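Novice: I'm passing along model24.txt; it holds compact mmCIF, C-alpha atoms.
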# COMPACT_ATOMS: atom_id res chain seq x y z
CA MET A 1 -24.15 28.74 51.45
CA ALA A 2 -20.80 27.04 51.30
CA GLU A 3 -21.57 23.78 49.54
CA TYR A 4 -18.95 21.59 47.95
CA LEU A 5 -18.70 18.16 46.44
CA VAL A 6 -17.29 15.48 48.74
CA LEU A 7 -17.07 11.92 47.57
CA LYS A 8 -18.98 9.43 49.68
CA CYS A 9 -18.92 6.29 47.57
CA GLU A 10 -20.01 2.89 48.64
CA GLU A 11 -18.92 -0.26 46.90
CA GLY A 12 -21.25 -1.14 44.06
CA LYS A 13 -22.77 2.36 43.81
CA ASP A 14 -21.10 3.80 40.77
CA ASN A 15 -20.57 7.47 40.19
CA LYS A 16 -22.03 8.68 43.52
CA VAL A 17 -21.00 11.77 45.47
CA SER A 18 -22.69 13.76 48.17
CA ILE A 19 -23.33 17.44 48.67
CA LYS A 20 -22.11 18.50 52.08
CA SER A 21 -23.64 21.58 53.71
CA THR A 22 -24.35 22.86 57.21
CA THR A 23 -27.91 21.56 57.08
CA LYS A 24 -28.15 18.48 54.91
CA ARG A 25 -26.35 15.81 52.95
CA LYS A 26 -27.73 14.06 49.91
CA LYS A 27 -26.22 11.70 47.38
CA ILE A 28 -26.14 12.62 43.71
CA ARG A 29 -24.31 11.36 40.62
CA VAL A 30 -21.25 13.09 39.24
CA ALA A 31 -23.18 14.52 36.32
CA SER A 32 -20.10 15.59 34.36
CA LEU A 33 -18.88 11.98 34.27
CA ASP A 34 -22.23 10.82 32.88
CA VAL A 35 -22.12 13.61 30.29
CA PHE A 36 -18.58 12.65 29.30
CA ARG A 37 -19.61 9.00 28.97
CA GLY A 38 -22.56 10.11 26.84
CA LEU A 39 -20.21 12.08 24.60
CA ALA A 40 -18.07 8.95 24.12
CA VAL A 41 -21.17 6.96 23.15
CA PHE A 42 -22.28 9.69 20.75
CA LEU A 43 -18.83 9.82 19.14
CA MET A 44 -18.83 6.04 18.81
CA ILE A 45 -22.08 6.17 16.84
CA PHE A 46 -20.99 9.21 14.85
CA VAL A 47 -17.66 7.81 13.68
CA ASP A 48 -19.09 4.33 13.01
CA TYR A 49 -21.69 5.63 10.60
CA GLY A 50 -19.94 8.80 9.43
CA GLY A 51 -16.44 7.44 8.96
CA SER A 52 -17.22 5.99 5.55
CA LEU A 53 -18.46 9.38 4.37
CA ALA A 54 -15.53 11.40 5.73
CA PRO A 55 -12.23 9.49 6.12
CA SER A 56 -10.89 12.15 8.48
CA ILE A 57 -13.61 11.15 10.94
CA GLY A 58 -12.91 7.41 10.82
CA HIS A 59 -9.88 5.66 12.28
CA SER A 60 -6.45 6.55 10.98
CA PRO A 61 -5.21 3.72 8.70
CA TRP A 62 -2.04 3.37 10.76
CA ASN A 63 0.07 6.21 12.22
CA GLY A 64 -1.64 9.43 13.23
CA VAL A 65 -4.92 10.18 14.98
CA HIS A 66 -8.38 11.00 13.67
CA LEU A 67 -11.56 11.74 15.61
CA ALA A 68 -12.48 8.06 15.92
CA ASP A 69 -9.16 7.29 17.58
CA PHE A 70 -10.19 9.24 20.69
CA VAL A 71 -13.31 7.18 21.42
CA MET A 72 -11.66 4.13 22.99
CA PRO A 73 -9.32 6.17 25.26
CA PHE A 74 -12.31 8.23 26.40
CA PHE A 75 -14.15 5.07 27.48
CA LEU A 76 -11.07 3.69 29.25
CA PHE A 77 -10.43 6.99 31.03
CA ILE A 78 -14.05 7.12 32.22
CA VAL A 79 -13.79 3.55 33.50
CA GLY A 80 -10.76 4.54 35.56
CA VAL A 81 -12.54 7.53 37.12
CA SER A 82 -15.59 5.37 37.88
CA VAL A 83 -13.46 2.70 39.56
CA ALA A 84 -12.07 5.33 41.92
CA LEU A 85 -15.63 6.14 42.95
CA VAL A 86 -16.94 2.58 43.21
CA TYR A 87 -14.06 1.04 45.19
CA LYS A 88 -13.17 3.94 47.44
CA ARG A 89 -14.48 2.18 50.54
CA VAL A 90 -13.73 -1.54 50.44
CA SER A 91 -14.56 -3.49 53.60
CA ASN A 92 -13.47 -6.90 52.32
CA ARG A 93 -10.79 -7.05 49.65
CA ARG A 94 -11.33 -10.69 48.71
CA VAL A 95 -15.07 -10.27 48.26
CA ALA A 96 -14.53 -7.09 46.24
CA THR A 97 -11.96 -8.89 44.08
CA CYS A 98 -14.33 -11.80 43.41
CA LYS A 99 -17.12 -9.40 42.43
CA ALA A 100 -14.76 -7.51 40.10
CA LEU A 101 -13.59 -10.76 38.47
CA VAL A 102 -17.15 -12.00 37.96
CA LYS A 103 -18.14 -8.69 36.38
CA THR A 104 -15.06 -8.84 34.15
CA VAL A 105 -15.88 -12.33 32.89
CA GLN A 106 -19.52 -11.39 32.25
CA LEU A 107 -18.63 -8.26 30.25
CA PHE A 108 -15.83 -10.04 28.37
CA LEU A 109 -18.18 -12.81 27.24
CA LEU A 110 -20.80 -10.22 26.29
CA GLY A 111 -18.16 -8.53 24.13
CA VAL A 112 -17.30 -11.82 22.42
CA PHE A 113 -20.98 -12.38 21.67
CA LEU A 114 -21.55 -8.86 20.34
CA GLN A 115 -18.42 -8.55 18.18
CA GLY A 116 -17.69 -12.19 17.48
CA GLY A 117 -19.81 -12.12 14.34
CA TYR A 118 -23.04 -13.67 15.60
CA PHE A 119 -25.16 -10.91 14.05
CA HIS A 120 -24.35 -10.48 10.37
CA GLY A 121 -25.31 -6.83 10.18
CA ILE A 122 -26.69 -4.78 7.32
CA THR A 123 -25.48 -7.11 4.56
CA SER A 124 -27.58 -10.04 5.75
CA LEU A 125 -30.64 -10.64 7.89
CA THR A 126 -29.20 -13.98 9.04
CA PHE A 127 -27.29 -14.74 12.22
CA GLY A 128 -24.93 -17.35 13.62
CA VAL A 129 -21.18 -17.71 13.98
CA ASP A 130 -18.51 -20.22 13.06
CA LEU A 131 -16.68 -21.02 16.31
CA GLU A 132 -13.48 -21.59 14.34
CA SER A 133 -13.44 -17.98 13.18
CA ILE A 134 -15.13 -16.07 16.02
CA ARG A 135 -13.37 -12.85 17.03
CA LEU A 136 -12.16 -13.19 20.62
CA PHE A 137 -11.04 -9.65 21.41
CA GLY A 138 -12.90 -6.40 20.80
CA ILE A 139 -14.01 -3.10 22.28
CA LEU A 140 -15.86 -4.36 25.35
CA GLN A 141 -13.18 -6.97 26.02
CA ARG A 142 -10.53 -4.25 26.05
CA ILE A 143 -12.61 -2.13 28.42
CA THR A 144 -12.99 -5.08 30.80
CA ILE A 145 -9.22 -5.68 30.80
CA GLY A 146 -8.61 -2.06 31.72
CA TYR A 147 -11.37 -2.24 34.32
CA ILE A 148 -9.98 -5.27 36.15
CA VAL A 149 -6.45 -3.84 36.21
CA ALA A 150 -7.69 -0.55 37.66
CA ALA A 151 -10.05 -2.31 40.08
CA LEU A 152 -7.30 -4.59 41.45
CA CYS A 153 -5.03 -1.57 41.91
CA GLU A 154 -7.75 0.26 43.80
CA ILE A 155 -8.71 -2.73 45.94
CA TRP A 156 -5.24 -3.94 46.91
CA PHE A 157 -3.24 -0.68 46.81
CA PRO A 158 -5.49 1.66 48.80
CA TYR A 159 -4.94 5.27 49.80
CA ASN A 160 -1.97 5.89 52.10
CA SER A 161 -3.36 8.29 54.69
CA GLY A 162 0.08 9.15 56.00
CA THR A 163 0.79 11.62 53.19
CA GLU A 164 -0.37 15.12 52.42
CA LYS A 165 -3.53 15.47 50.36
CA GLN A 166 -1.83 18.02 48.13
CA VAL A 167 0.56 15.38 46.82
CA ALA A 168 -1.73 12.38 47.34
CA VAL A 169 -2.09 11.73 43.64
CA PHE A 170 1.61 10.82 43.57
CA LYS A 171 2.75 9.71 47.02
CA SER A 172 -0.45 8.17 48.33
CA TYR A 173 -0.88 6.07 45.21
CA LEU A 174 2.75 5.40 44.40
CA LEU A 175 2.08 1.70 43.80
CA HIS A 176 -0.51 2.62 41.17
CA TRP A 177 2.07 4.63 39.27
CA CYS A 178 4.57 1.78 39.64
CA VAL A 179 2.04 -0.59 38.04
CA ALA A 180 1.49 1.89 35.18
CA VAL A 181 5.22 2.31 34.58
CA GLY A 182 5.75 -1.45 34.85
CA LEU A 183 3.08 -2.12 32.24
CA CYS A 184 4.68 0.42 29.90
CA ILE A 185 8.06 -1.28 30.35
CA ILE A 186 6.59 -4.72 29.62
CA TYR A 187 4.78 -3.34 26.58
CA SER A 188 7.93 -1.67 25.22
CA ALA A 189 10.06 -4.75 25.82
CA LEU A 190 7.63 -6.96 23.90
CA LEU A 191 6.95 -4.44 21.13
CA TYR A 192 10.61 -3.65 20.41
CA GLY A 193 12.38 -6.74 21.73
CA LEU A 194 10.55 -9.70 20.20
CA TYR A 195 11.88 -11.16 16.98
CA VAL A 196 9.22 -11.45 14.28
CA PRO A 197 9.96 -14.23 11.76
CA ASP A 198 8.47 -14.65 8.31
CA TRP A 199 4.89 -15.85 8.55
CA GLN A 200 2.25 -17.37 6.34
CA PHE A 201 -1.52 -17.33 6.26
CA SER A 202 -4.38 -18.42 4.04
CA VAL A 203 -7.61 -16.69 3.12
CA PRO A 204 -10.66 -18.12 1.36
CA GLN A 205 -10.63 -17.60 -2.39
CA SER A 206 -13.48 -15.33 -3.49
CA THR A 207 -15.97 -16.82 -5.91
CA SER A 208 -18.42 -15.24 -8.27
CA SER A 209 -21.36 -17.06 -6.71
CA PRO A 210 -22.14 -16.67 -3.00
CA SER A 211 -23.66 -20.14 -2.96
CA SER A 212 -20.62 -21.77 -4.48
CA SER A 213 -19.19 -24.71 -2.57
CA ASN A 214 -15.65 -23.89 -3.63
CA ASN A 215 -13.63 -23.88 -0.40
CA SER A 216 -10.22 -23.25 -1.96
CA TYR A 217 -7.78 -20.97 -0.15
CA ILE A 218 -5.01 -18.62 -1.26
CA SER A 219 -1.79 -18.73 0.73
CA TYR A 220 0.41 -15.69 1.35
CA THR A 221 3.88 -15.27 2.82
CA VAL A 222 4.94 -12.11 4.66
CA ASN A 223 8.69 -11.59 4.82
CA CYS A 224 9.74 -10.07 8.15
CA SER A 225 12.77 -11.54 9.97
CA THR A 226 13.07 -8.35 11.97
CA ARG A 227 12.82 -6.90 15.43
CA GLY A 228 11.17 -3.68 16.63
CA ASP A 229 9.23 -3.01 13.44
CA LEU A 230 6.14 -0.81 13.95
CA GLY A 231 4.63 -1.31 10.51
CA PRO A 232 1.38 -3.21 9.90
CA ALA A 233 3.14 -6.29 8.51
CA CYS A 234 5.89 -7.17 10.97
CA ASN A 235 4.99 -5.75 14.39
CA SER A 236 5.21 -8.05 17.40
CA ALA A 237 1.65 -7.17 18.51
CA GLY A 238 0.23 -8.99 15.50
CA MET A 239 2.64 -11.89 16.00
CA ILE A 240 1.53 -12.37 19.63
CA ASP A 241 -2.13 -12.41 18.60
CA ARG A 242 -1.46 -14.91 15.81
CA TYR A 243 0.34 -17.26 18.19
CA VAL A 244 -1.95 -16.92 21.21
CA LEU A 245 -5.40 -16.28 19.71
CA GLY A 246 -4.91 -17.76 16.26
CA ILE A 247 -5.13 -15.82 13.02
CA ASN A 248 -8.68 -17.01 12.37
CA HIS A 249 -9.89 -15.29 15.54
CA LEU A 250 -8.58 -11.81 14.65
CA TYR A 251 -10.44 -8.88 13.14
CA LYS A 252 -11.05 -9.63 9.46
CA LYS A 253 -11.20 -6.05 8.17
CA PRO A 254 -8.29 -4.12 9.73
CA VAL A 255 -8.25 -0.41 9.09
CA TYR A 256 -4.74 -0.52 7.57
CA ARG A 257 -6.37 -1.82 4.38
CA ASN A 258 -7.19 1.84 3.73
CA LEU A 259 -3.48 2.59 3.34
CA LYS A 260 -2.43 3.65 -0.13
CA GLU A 261 -0.37 0.53 -0.77
CA CYS A 262 -3.42 -1.62 -0.01
CA SER A 263 -6.20 0.43 -1.60
CA ASP A 264 -4.59 2.36 -4.46
CA PRO A 265 -7.28 2.62 -7.16
CA ALA A 266 -4.63 2.01 -9.81
CA ILE A 267 -3.94 -1.38 -8.24
CA GLY A 268 -7.22 -2.46 -6.73
CA GLN A 269 -7.69 -3.66 -3.16
CA GLY A 270 -8.29 -7.27 -4.14
CA SER A 271 -5.41 -7.43 -6.59
CA ASP A 272 -2.44 -9.73 -6.20
CA SER A 273 -0.21 -6.69 -6.72
CA VAL A 274 -0.84 -5.38 -3.22
CA PRO A 275 1.51 -6.50 -0.41
CA PRO A 276 0.52 -9.88 1.08
CA TRP A 277 -0.11 -8.45 4.57
CA CYS A 278 -2.96 -6.33 3.14
CA HIS A 279 -5.04 -9.52 3.01
CA ALA A 280 -4.22 -10.59 6.59
CA PRO A 281 -6.46 -10.18 9.64
CA PHE A 282 -5.22 -7.94 12.43
CA ASP A 283 -6.88 -7.08 15.73
CA PRO A 284 -6.56 -3.42 16.86
CA GLU A 285 -7.83 -4.55 20.28
CA GLY A 286 -5.29 -7.33 20.64
CA ILE A 287 -3.30 -8.63 23.60
CA LEU A 288 -0.21 -6.43 23.55
CA SER A 289 -2.02 -3.17 22.90
CA SER A 290 -4.39 -3.95 25.78
CA ILE A 291 -1.45 -3.50 28.16
CA THR A 292 -1.07 0.21 27.46
CA ALA A 293 -4.85 0.55 27.16
CA ALA A 294 -5.03 -0.58 30.79
CA VAL A 295 -2.62 2.23 31.69
CA THR A 296 -5.23 4.69 30.42
CA CYS A 297 -7.61 3.29 33.04
CA ILE A 298 -4.96 3.76 35.73
CA ILE A 299 -4.52 7.38 34.64
CA GLY A 300 -8.28 7.89 34.84
CA LEU A 301 -8.12 6.31 38.30
CA GLN A 302 -5.83 9.12 39.46
CA TYR A 303 -8.27 11.75 38.20
CA GLY A 304 -10.90 9.98 40.28
CA HIS A 305 -8.62 10.11 43.32
CA ILE A 306 -8.35 13.86 42.94
CA LEU A 307 -12.13 14.04 42.89
CA VAL A 308 -12.19 11.96 46.07
CA LEU A 309 -9.45 13.62 48.10
CA LEU A 310 -9.82 17.28 47.23
CA GLU A 311 -12.93 19.24 48.17
CA ASP A 312 -12.40 22.56 46.43
CA HIS A 313 -13.23 22.99 42.74
CA LYS A 314 -10.10 25.04 42.07
CA ASP A 315 -7.83 22.44 43.67
CA ARG A 316 -9.38 19.67 41.63
CA LEU A 317 -9.15 21.58 38.38
CA LEU A 318 -5.56 22.66 39.09
CA HIS A 319 -4.43 19.07 39.64
CA TRP A 320 -6.36 17.79 36.62
CA VAL A 321 -4.98 20.49 34.33
CA LEU A 322 -1.40 19.93 35.52
CA LEU A 323 -1.71 16.19 34.90
CA SER A 324 -3.37 16.66 31.53
CA PHE A 325 -0.84 19.09 30.10
CA SER A 326 2.07 17.10 31.51
CA PHE A 327 0.85 13.95 29.77
CA PHE A 328 0.08 15.91 26.61
CA GLY A 329 3.57 17.39 26.45
CA LEU A 330 5.20 14.03 27.08
CA GLY A 331 3.04 12.38 24.43
CA VAL A 332 3.92 15.01 21.83
CA PHE A 333 7.60 14.72 22.73
CA LEU A 334 7.58 10.93 22.29
CA SER A 335 5.81 11.29 18.95
CA TYR A 336 8.77 13.36 17.74
CA VAL A 337 11.35 10.78 18.83
CA ASP A 338 10.10 7.95 16.61
CA ILE A 339 7.34 6.64 18.88
CA PRO A 340 4.42 7.26 16.53
CA LEU A 341 0.85 8.00 17.49
CA ASN A 342 -0.75 4.69 16.62
CA LYS A 343 -4.14 3.48 17.84
CA SER A 344 -3.82 -0.05 16.44
CA LEU A 345 -0.64 -0.62 18.46
CA TYR A 346 -1.79 1.68 21.29
CA THR A 347 1.70 3.16 21.51
CA ILE A 348 2.78 5.01 24.65
CA SER A 349 2.75 8.37 22.86
CA TYR A 350 -0.82 7.70 21.69
CA MET A 351 -1.83 6.59 25.18
CA LEU A 352 -0.46 9.75 26.78
CA LEU A 353 -1.86 12.13 24.17
CA THR A 354 -5.36 10.67 24.20
CA SER A 355 -5.44 10.31 28.00
CA SER A 356 -4.55 13.97 28.36
CA THR A 357 -7.26 14.89 25.87
CA ALA A 358 -9.73 12.89 27.93
CA GLY A 359 -8.59 14.70 31.06
CA ILE A 360 -9.02 18.12 29.45
CA THR A 361 -12.48 17.16 28.15
CA PHE A 362 -13.49 15.94 31.60
CA CYS A 363 -12.34 19.27 33.09
CA ALA A 364 -14.47 21.17 30.59
CA PHE A 365 -17.59 19.15 31.43
CA TYR A 366 -16.88 19.45 35.16
CA ILE A 367 -16.81 23.24 34.87
CA LEU A 368 -19.88 23.37 32.66
CA VAL A 369 -22.05 20.85 34.51
CA ASP A 370 -20.91 20.42 38.11
CA ILE A 371 -19.73 23.95 38.79
CA TYR A 372 -22.04 26.13 36.69
CA GLY A 373 -24.92 23.66 36.59
CA TYR A 374 -25.77 23.73 32.87
CA ARG A 375 -27.35 20.28 32.96
CA ARG A 376 -30.21 21.09 30.60
CA LEU A 377 -27.68 21.92 27.91
CA THR A 378 -26.13 18.47 28.18
CA SER A 379 -29.21 16.48 29.23
CA LEU A 380 -29.19 14.28 26.12
CA LEU A 381 -25.54 13.34 26.60
CA GLU A 382 -26.18 12.69 30.29
CA TRP A 383 -29.04 10.34 29.40
CA MET A 384 -26.83 8.52 26.91
CA GLY A 385 -24.13 8.22 29.56
CA VAL A 386 -26.49 6.71 32.12
CA HIS A 387 -27.71 4.13 29.55
CA SER A 388 -24.36 3.69 27.81
CA LEU A 389 -24.17 -0.12 28.04
CA SER A 390 -27.65 -0.61 26.58
CA ILE A 391 -26.86 1.77 23.71
CA PHE A 392 -23.53 0.03 23.10
CA VAL A 393 -25.27 -3.36 22.87
CA LEU A 394 -27.80 -2.05 20.35
CA ILE A 395 -25.17 -0.34 18.20
CA SER A 396 -22.26 -2.79 18.32
CA SER A 397 -24.50 -5.77 17.56
CA ASN A 398 -26.26 -3.82 14.78
CA LEU A 399 -29.58 -4.74 16.41
CA ALA A 400 -30.86 -1.19 15.96
CA VAL A 401 -29.86 -1.21 12.28
CA ILE A 402 -31.28 -4.70 11.75
CA ALA A 403 -34.58 -3.65 13.30
CA ILE A 404 -34.86 -0.74 10.86
CA GLN A 405 -33.70 -2.93 7.99
CA GLY A 406 -36.49 -5.41 8.73
CA PHE A 407 -39.11 -2.99 7.39
CA TYR A 408 -39.13 -3.13 3.60
CA SER A 409 -41.44 -2.78 0.61
CA VAL A 410 -42.05 -5.81 -1.67
CA SER A 411 -38.39 -6.90 -1.61
CA PRO A 412 -36.03 -7.09 1.42
CA LYS A 413 -33.63 -4.84 -0.48
CA ASN A 414 -36.16 -2.04 -0.54
CA ASN A 415 -35.42 -0.74 2.95
CA LEU A 416 -34.05 2.46 4.42
CA ILE A 417 -30.66 1.02 5.41
CA HIS A 418 -30.00 -0.43 1.95
CA TRP A 419 -30.91 2.93 0.40
CA ILE A 420 -28.51 4.82 2.69
CA VAL A 421 -25.66 2.36 2.04
CA THR A 422 -26.24 2.47 -1.72
CA CYS A 423 -26.51 6.25 -1.97
CA PHE A 424 -23.87 7.39 0.50
CA VAL A 425 -21.52 4.60 1.57
CA GLN A 426 -20.89 2.66 -1.67
CA LYS A 427 -21.06 5.46 -4.17
Would you mind writing the file's structure down as structure tokens?

Specialist:
Amino acid sequence: MAEYLVLKCEEGKDNKVSIKSTTKRKKIRVASLDVFRGLAVFLMIFVDYGGSLAPSIGHSPWNGVHLADFVMPFFLFIVGVSVALVYKRVSNRRVATCKALVKTVQLFLLGVFLQGGYFHGITSLTFGVDLESIRLFGILQRITIGYIVAALCEIWFPYNSGTEKQVAVFKSYLLHWCVAVGLCIIYSALLYGLYVPDWQFSVPQSTSSPSSSNNSYISYTVNCSTRGDLGPACNSAGMIDRYVLGINHLYKKPVYRNLKECSDPAIGQGSDSVPPWCHAPFDPEGILSSITAAVTCIIGLQYGHILVLLEDHKDRLLHWVLLSFSFFGLGVFLSYVDIPLNKSLYTISYMLLTSSTAGITFCAFYILVDIYGYRRLTSLLEWMGVHSLSIFVLISSNLAVIAIQGFYSVSPKNNLIHWIVTCFVQK
């Protein structure tokens, strides 16, 4: 029986397709997309708790990519594909835009709450946050920025039915590609064109007693006076965040502190001999890098369009593979012409390489799950994908860890989490 997947999405019903046959039609979810989302959630948990044990799993300190550096692009790519399914049939653009904006604000504020420092994690059973030092940007905030950009593109730049389906991914959505290219141009102009002056910052002076009332600060000066620098000290992405968000609202433990010049055992990470910028906050999910992150969502949007417009498995896979390897080749080429693969800056080469990897991974799951039907094999990942937001809330807020940590024997330090951290993380 000649059955094939044809997208029949209605606004607000995420990830829905229908099976079309000569006798019946029924709506189902795109299982491969749920499985892919579940994989991203699993990798997020794996690299968060395994990165300290194996540095090659955790985020790359600066240039280069490790396993953890693929997690964020995977989420953004999946958001783009999902947007293509949710907003394929929009009856009222203004209403759809208002709903998208409301959802964006809700998720952004949830991200601020989860990663702003309200829950103190495994080092303390207390909670609460200083509003003068709350982190404003983070993982969920970046995802919402990519979501709203992709959603507005889909709502206001709809499919142009006057073109051939075989080239629809380019001609029918030309304005989408123009937005993506425009964002890359803006990003490049700001990253390479802005002048970064010398800058100063202060950090609290560490004391031997946690209860000490000593509020003295140490001031540092970072000498830059440059333009187009892509190092951790003098890049324009950090400068924009310091001016717009304020240095107190940036991520306090940037991954570049794992660089040799900041963490050389012969020097000591807290020593005054390390460069001043090693002590500075830096947000890897900052304003400038969110621009190219949004492009990843637009790329995922085009993969969703292929799923919508083409009915044959081979046609879909052919278009996806061509896009993926084209982006991969371009990303590798740019990495060899002094545009490094850098997650913290979300460089264009990194964006292209990781987006193509997401596309290839999605193709693999589509073949395994939607074509050959091996859903039992991936049932756990599919379940995690369906409940991804709930899992993210439990993990990112450390609520799951705190709940386990709350069970102890005699002393609060005698708990499973403290034992794991002592034996494996801090040894």

Novice: Of the candidates A:Leu76, A:Val196, A:Val35, A:Ile298, which shows the shortest atom-to-atom distance to A:Leu152, using all atoms listed in the file?

Specialist: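 Closest to A:Leu152, using all atoms listed in the file: A:Ile298.
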
Novice: Choose the residue, out of A:Ser263, A:Val244, A:Tyr220, A:Gly331, that has the smallest atom-to-atom separation from A:Pro276; count only C-alpha atoms.

Specialist: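 For A:Pro276, the nearest of the given residues is A:Tyr220.
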
Novice: Find the spatial neighbours of stretch 60-71 of chain A, counting only C-alpha atoms, within a cut-off of 9 Å - ignore same-chain residues fewer than 5 positions away - and output them as a PyMOL selection string.

Specialist: chain A and resi 40-41+43-44+46-48+51+55+76+231-232+254-259+340-345+350+354-355+357-358

Novice: I need the residue nearest A:Leu301 from this list: A:Val321, A:Leu230, A:Ala180, A:Met384. Use only C-alpha atoms for the distance.

Specialist: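 Looking at the shortest contact to A:Leu301, the residue is A:Ala180.
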
Novice: May I ask which of the residues A:Arg94, A:His319, A:Arg227, A:Lys253 is the closest one to A:Ala189, counting all atoms listed in the file?

Specialist: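 The shortest atom-to-atom distance to A:Ala189 comes from A:Arg227.
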
Novice: Which residues come within 12 Å of A:Tyr192, counting only C-alpha atoms, excluding same-chain residues fewer than 4 positions away, as a list in words?

Specialist: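 Result of the neighbour search: Cys184, Ile185, Ile186, Tyr187, Ser188, Val196, Thr226, Arg227, Gly228, Asp229, Leu230, Gly231, Cys234, Asn235, Ser236, Ala237, Leu288, Ile339, Leu345 and Thr347 of chain A.
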
Novice: Assuming the input is short of atoms at stretch 79-85 of chain A, produce all heavy atoms for that part as a PDB file, in the frame of the given file.

Specialist:
ATOM      1  N   VAL A  79     -13.782   4.737  32.665  1.00  0.00           N
ATOM      2  CA  VAL A  79     -13.790   3.550  33.500  1.00  0.00           C
ATOM      3  C   VAL A  79     -12.869   3.745  34.705  1.00  0.00           C
ATOM      4  O   VAL A  79     -13.220   3.396  35.845  1.00  0.00           O
ATOM      5  CB  VAL A  79     -13.369   2.308  32.693  1.00  0.00           C
ATOM      6  CG1 VAL A  79     -13.079   1.126  33.613  1.00  0.00           C
ATOM      7  CG2 VAL A  79     -14.455   1.932  31.698  1.00  0.00           C
ATOM      8  N   GLY A  80     -11.697   4.304  34.467  1.00  0.00           N
ATOM      9  CA  GLY A  80     -10.760   4.540  35.560  1.00  0.00           C
ATOM     10  C   GLY A  80     -11.326   5.483  36.612  1.00  0.00           C
ATOM     11  O   GLY A  80     -11.217   5.224  37.823  1.00  0.00           O
ATOM     12  N   VAL A  81     -11.934   6.588  36.170  1.00  0.00           N
ATOM     13  CA  VAL A  81     -12.540   7.530  37.120  1.00  0.00           C
ATOM     14  C   VAL A  81     -13.645   6.843  37.908  1.00  0.00           C
ATOM     15  O   VAL A  81     -13.758   7.008  39.132  1.00  0.00           O
ATOM     16  CB  VAL A  81     -13.078   8.767  36.383  1.00  0.00           C
ATOM     17  CG1 VAL A  81     -13.761   9.716  37.369  1.00  0.00           C
ATOM     18  CG2 VAL A  81     -11.956   9.502  35.655  1.00  0.00           C
ATOM     19  N   SER A  82     -14.471   6.059  37.223  1.00  0.00           N
ATOM     20  CA  SER A  82     -15.590   5.370  37.880  1.00  0.00           C
ATOM     21  C   SER A  82     -15.095   4.367  38.917  1.00  0.00           C
ATOM     22  O   SER A  82     -15.704   4.219  39.977  1.00  0.00           O
ATOM     23  CB  SER A  82     -16.458   4.665  36.838  1.00  0.00           C
ATOM     24  OG  SER A  82     -16.999   5.588  35.909  1.00  0.00           O
ATOM     25  N   VAL A  83     -14.005   3.674  38.610  1.00  0.00           N
ATOM     26  CA  VAL A  83     -13.460   2.700  39.560  1.00  0.00           C
ATOM     27  C   VAL A  83     -13.041   3.385  40.845  1.00  0.00           C
ATOM     28  O   VAL A  83     -13.234   2.853  41.955  1.00  0.00           O
ATOM     29  CB  VAL A  83     -12.279   1.935  38.918  1.00  0.00           C
ATOM     30  CG1 VAL A  83     -11.483   1.171  39.979  1.00  0.00           C
ATOM     31  CG2 VAL A  83     -12.782   0.972  37.859  1.00  0.00           C
ATOM     32  N   ALA A  84     -12.468   4.586  40.732  1.00  0.00           N
ATOM     33  CA  ALA A  84     -12.070   5.330  41.920  1.00  0.00           C
ATOM     34  C   ALA A  84     -13.266   5.661  42.800  1.00  0.00           C
ATOM     35  O   ALA A  84     -13.150   5.748  44.029  1.00  0.00           O
ATOM     36  CB  ALA A  84     -11.341   6.617  41.524  1.00  0.00           C
ATOM     37  N   LEU A  85     -14.427   5.836  42.196  1.00  0.00           N
ATOM     38  CA  LEU A  85     -15.630   6.140  42.950  1.00  0.00           C
ATOM     39  C   LEU A  85     -16.265   4.877  43.545  1.00  0.00           C
ATOM     40  O   LEU A  85     -16.720   4.866  44.682  1.00  0.00           O
ATOM     41  CB  LEU A  85     -16.659   6.842  42.051  1.00  0.00           C
ATOM     42  CG  LEU A  85     -16.178   8.085  41.292  1.00  0.00           C
ATOM     43  CD1 LEU A  85     -17.334   8.709  40.523  1.00  0.00           C
ATOM     44  CD2 LEU A  85     -15.581   9.108  42.247  1.00  0.00           C
TER      45      LEU A  85
END
